[in-house]
Amino acid sequence: MIDGDYFANCAAIGLSPQIAKTVPHGVKKLFGRVGYLAWATLQFAKFHPFELIVGQGDTAKRMMATEVRISNGRFHGGTELVEEARLDSGEIIVQVVAGKGKRSLVRNWAAGFFRLDSRRVDTVTFHGQSLRIETNPPLPISIDGEVLAKTPVMAKIAAGVIEVMAPVER
């Protein structure tokens with residue numbers, strides 16, 4: 001749960017919600033994936049890393065980030081990126097692609113897509129039943145693909161609220 005919004009899989013802070021929030025209505029319908037990709041490229045050019053604060057008070061951790069994945073599930077954008085997240089773990093996972101430049105984000109996306117071990121090089125992970133997340137400047141958050149919140153927020157587990165059907169892991 002992020003503030004008052006429940007989610008099943010993943011929320012994101014960074015480029016994804018910026019694209020979702022600003023894409024002109026009908027671009028994907030009129031121009032297909034090419035139009036959406038062109039818009040995403042334009043937004044990437046405008047995108048800047050941001051300051052992230054996870055936690056509160058003296059124990060809060062501060063870092064520069066290019067993307068934040070608030071996860072209950074392992075997949076983000078159709079790619080398995082947050083491997084340690086489990087729907088039934090009782091923990092929220094906050095995975096941060098840390099860095100002062102956009103290159104770390106591109107490197108992380110490519111490594112995640114190709115399942116390379118280097119996908120963990122630029123990431124920092126936080127675990128907990130609830131975590132306060134703040135950014136400077138305040139940024140939009142996409143929750144399961146829809147822009148529904150803005151930082152600062154409290155991300156927490158709402159155990160047993162959403163029932164899901166998933167394959168049995170072996």
# chains A, B, ... in the order shown; residues from 1 in each chain; ligands from 1
call {"tool": "residues_around", "arguments": {"residues": "Val54 in chain A", "least_positions_apart": "6", "cutoff": "7 Å", "atoms": "only C-alpha atoms", "output": "count of residues only"}}
result
7
call {"tool": "residues_around", "arguments": {"residues": "range 136-151 of chain A", "least_positions_apart": "4", "cutoff": "10 Å", "atoms": "only C-alpha atoms", "output": "tab-separated table (two decimals) with C-alpha atoms, in the first residue's frame"}}
result
chain	number	residue	atom	x	y	z
A	1	MET	CA	0.00	0.00	0.00
A	2	ILE	CA	1.23	3.51	-0.80
A	3	ASP	CA	-0.53	5.99	1.44
A	4	GLY	CA	-4.19	5.05	0.76
A	5	ASP	CA	-3.68	3.19	-2.55
A	6	TYR	CA	-3.39	-0.59	-2.63
A	7	PHE	CA	-1.25	-2.22	-5.29
A	8	ALA	CA	-0.49	-5.78	-6.31
A	9	ASN	CA	2.93	-5.71	-7.90
A	10	CYS	CA	5.11	-2.65	-8.30
A	11	ALA	CA	5.19	1.12	-8.00
A	12	ALA	CA	7.88	3.33	-9.51
A	13	ILE	CA	9.45	6.73	-9.04
A	14	GLY	CA	11.57	8.21	-11.80
A	15	LEU	CA	11.29	8.10	-15.57
A	16	SER	CA	8.34	5.66	-15.86
A	17	PRO	CA	5.81	7.89	-14.09
A	18	GLN	CA	7.20	10.96	-15.86
A	19	ILE	CA	6.45	9.30	-19.21
A	20	ALA	CA	3.02	8.08	-18.08
A	21	LYS	CA	2.07	11.47	-16.65
A	49	PRO	CA	18.46	12.09	-11.17
A	50	PHE	CA	16.94	13.08	-7.84
A	51	GLU	CA	17.68	12.95	-4.13
A	52	LEU	CA	15.99	10.03	-2.36
A	53	ILE	CA	15.39	9.76	1.38
A	64	MET	CA	21.07	10.21	-5.47
A	68	VAL	CA	12.96	3.65	-7.33
A	69	ARG	CA	10.95	0.41	-7.48
A	70	ILE	CA	8.56	-0.17	-4.60
A	71	SER	CA	7.79	-3.84	-4.96
A	76	HIS	CA	8.46	-4.18	-13.39
A	77	GLY	CA	7.57	-3.28	-16.96
A	132	ARG	CA	8.82	6.33	4.36
call {"tool": "residues_around", "arguments": {"residues": "range 91-99 of chain A", "least_positions_apart": "6", "cutoff": "6 Å", "atoms": "only C-alpha atoms", "output": "list in words"}}
result
Met64, Ala65, Thr66, Glu67, Val68, Arg69, Ile70, Ser71, Asn72, Asp122, Thr123, Val124, Thr125, Phe126, His127, Gly128, Gln129 and Ile157 of chain A
call {"tool": "write_last_selection", "arguments": {"atoms": "all heavy atoms", "output": "tab-separated table (two decimals), in the first residue's frame"}}
result
chain	number	residue	atom	x	y	z
A	64	MET	N	21.54	9.80	-4.16
A	64	MET	CA	21.07	10.21	-5.47
A	64	MET	C	20.55	8.97	-6.18
A	64	MET	O	21.14	7.89	-6.07
A	64	MET	CB	22.18	10.87	-6.29
A	64	MET	CG	22.61	12.23	-5.73
A	64	MET	SD	21.24	13.42	-5.64
A	64	MET	CE	20.91	13.71	-7.37
A	65	ALA	N	19.44	9.12	-6.89
A	65	ALA	CA	18.80	7.97	-7.53
A	65	ALA	C	18.32	8.34	-8.92
A	65	ALA	O	18.06	9.51	-9.22
A	65	ALA	CB	17.62	7.50	-6.69
A	66	THR	N	18.19	7.31	-9.77
A	66	THR	CA	17.60	7.50	-11.08
A	66	THR	C	16.27	6.77	-11.22
A	66	THR	O	15.48	7.10	-12.09
A	66	THR	CB	18.56	7.01	-12.20
A	66	THR	OG1	18.91	5.65	-11.95
A	66	THR	CG2	19.81	7.86	-12.24
A	67	GLU	N	16.04	5.77	-10.36
A	67	GLU	CA	14.76	5.06	-10.36
A	67	GLU	C	14.58	4.39	-9.00
A	67	GLU	O	15.54	3.93	-8.39
A	67	GLU	CB	14.72	4.00	-11.46
A	67	GLU	CG	13.38	3.29	-11.57
A	67	GLU	CD	13.28	2.46	-12.84
A	67	GLU	OE1	13.86	1.37	-12.89
A	67	GLU	OE2	12.60	2.95	-13.77
A	68	VAL	N	13.32	4.34	-8.57
A	68	VAL	CA	12.96	3.65	-7.33
A	68	VAL	C	11.82	2.69	-7.67
A	68	VAL	O	10.83	3.10	-8.28
A	68	VAL	CB	12.51	4.64	-6.23
A	68	VAL	CG1	12.12	3.89	-4.97
A	68	VAL	CG2	13.61	5.65	-5.94
A	69	ARG	N	11.98	1.43	-7.28
A	69	ARG	CA	10.95	0.41	-7.48
A	69	ARG	C	10.44	-0.02	-6.12
A	69	ARG	O	11.21	-0.53	-5.31
A	69	ARG	CB	11.53	-0.78	-8.24
A	69	ARG	CG	12.14	-0.38	-9.57
A	69	ARG	CD	13.04	-1.46	-10.13
A	69	ARG	NE	13.72	-0.95	-11.32
A	69	ARG	CZ	14.96	-1.28	-11.64
A	69	ARG	NH1	15.65	-2.13	-10.91
A	69	ARG	NH2	15.51	-0.77	-12.73
A	70	ILE	N	9.19	0.22	-5.86
A	70	ILE	CA	8.56	-0.17	-4.60
A	70	ILE	C	7.79	-1.44	-4.92
A	70	ILE	O	6.79	-1.38	-5.63
A	70	ILE	CB	7.64	0.94	-4.07
A	70	ILE	CG1	8.41	2.26	-3.97
A	70	ILE	CG2	7.03	0.54	-2.72
A	70	ILE	CD1	7.54	3.49	-3.85
A	71	SER	N	8.28	-2.57	-4.44
A	71	SER	CA	7.79	-3.84	-4.96
A	71	SER	C	7.21	-4.78	-3.93
A	71	SER	O	7.73	-4.92	-2.83
A	71	SER	CB	8.93	-4.56	-5.68
A	71	SER	OG	9.31	-3.84	-6.81
A	72	ASN	N	6.17	-5.42	-4.37
A	72	ASN	CA	5.57	-6.55	-3.69
A	72	ASN	C	5.81	-7.78	-4.56
A	72	ASN	O	5.79	-8.90	-4.08
A	72	ASN	CB	4.07	-6.30	-3.49
A	72	ASN	CG	3.42	-7.31	-2.61
A	72	ASN	OD1	3.98	-7.71	-1.60
A	72	ASN	ND2	2.24	-7.75	-2.98
A	122	ASP	N	24.39	-1.28	-9.51
A	122	ASP	CA	23.96	0.07	-9.16
A	122	ASP	C	22.74	0.10	-8.25
A	122	ASP	O	22.15	1.16	-8.07
A	122	ASP	CB	23.62	0.85	-10.45
A	122	ASP	CG	24.82	1.04	-11.34
A	122	ASP	OD1	25.89	1.38	-10.81
A	122	ASP	OD2	24.70	0.84	-12.56
A	123	THR	N	22.34	-1.04	-7.69
A	123	THR	CA	21.12	-1.04	-6.89
A	123	THR	C	21.40	-1.12	-5.39
A	123	THR	O	22.37	-1.72	-4.95
A	123	THR	CB	20.17	-2.21	-7.28
A	123	THR	OG1	20.83	-3.45	-7.04
A	123	THR	CG2	19.74	-2.11	-8.72
A	124	VAL	N	20.53	-0.47	-4.65
A	124	VAL	CA	20.52	-0.52	-3.19
A	124	VAL	C	19.11	-0.96	-2.81
A	124	VAL	O	18.13	-0.47	-3.37
A	124	VAL	CB	20.82	0.88	-2.58
A	124	VAL	CG1	20.75	0.84	-1.07
A	124	VAL	CG2	22.16	1.40	-3.07
A	125	THR	N	19.00	-1.90	-1.88
A	125	THR	CA	17.69	-2.46	-1.54
A	125	THR	C	17.38	-2.23	-0.07
A	125	THR	O	18.23	-2.42	0.79
A	125	THR	CB	17.66	-3.97	-1.85
A	125	THR	OG1	17.98	-4.15	-3.23
A	125	THR	CG2	16.29	-4.56	-1.59
A	126	PHE	N	16.14	-1.84	0.20
A	126	PHE	CA	15.62	-1.67	1.55
A	126	PHE	C	14.45	-2.64	1.73
A	126	PHE	O	13.66	-2.84	0.81
A	126	PHE	CB	15.12	-0.24	1.78
A	126	PHE	CG	16.19	0.80	1.61
A	126	PHE	CD1	16.42	1.38	0.38
A	126	PHE	CD2	16.98	1.17	2.68
A	126	PHE	CE1	17.41	2.34	0.21
A	126	PHE	CE2	17.98	2.13	2.54
A	126	PHE	CZ	18.19	2.71	1.30
A	127	HIS	N	14.34	-3.25	2.90
A	127	HIS	CA	13.26	-4.19	3.23
A	127	HIS	C	12.54	-3.67	4.46
A	127	HIS	O	13.15	-3.06	5.33
A	127	HIS	CB	13.82	-5.57	3.61
A	127	HIS	CG	14.63	-6.21	2.55
A	127	HIS	ND1	14.17	-7.29	1.85
A	127	HIS	CD2	15.87	-5.95	2.08
A	127	HIS	CE1	15.10	-7.68	1.00
A	127	HIS	NE2	16.13	-6.87	1.11
A	128	GLY	N	11.26	-3.94	4.58
A	128	GLY	CA	10.53	-3.60	5.80
A	128	GLY	C	9.05	-3.77	5.64
A	128	GLY	O	8.55	-3.99	4.53
A	129	GLN	N	8.34	-3.68	6.75
A	129	GLN	CA	6.88	-3.73	6.68
A	129	GLN	C	6.32	-2.37	6.34
A	129	GLN	O	5.21	-2.27	5.80
A	129	GLN	CB	6.31	-4.27	7.98
A	129	GLN	CG	6.62	-5.74	8.15
A	129	GLN	CD	5.93	-6.33	9.35
A	129	GLN	OE1	5.71	-5.66	10.36
A	129	GLN	NE2	5.57	-7.59	9.24
A	157	ILE	N	3.15	-2.81	3.88
A	157	ILE	CA	2.45	-4.06	3.59
A	157	ILE	C	1.05	-3.98	4.17
A	157	ILE	O	0.86	-3.55	5.29
A	157	ILE	CB	3.22	-5.26	4.20
A	157	ILE	CG1	4.51	-5.49	3.42
A	157	ILE	CG2	2.38	-6.51	4.22
A	157	ILE	CD1	4.32	-5.88	1.98
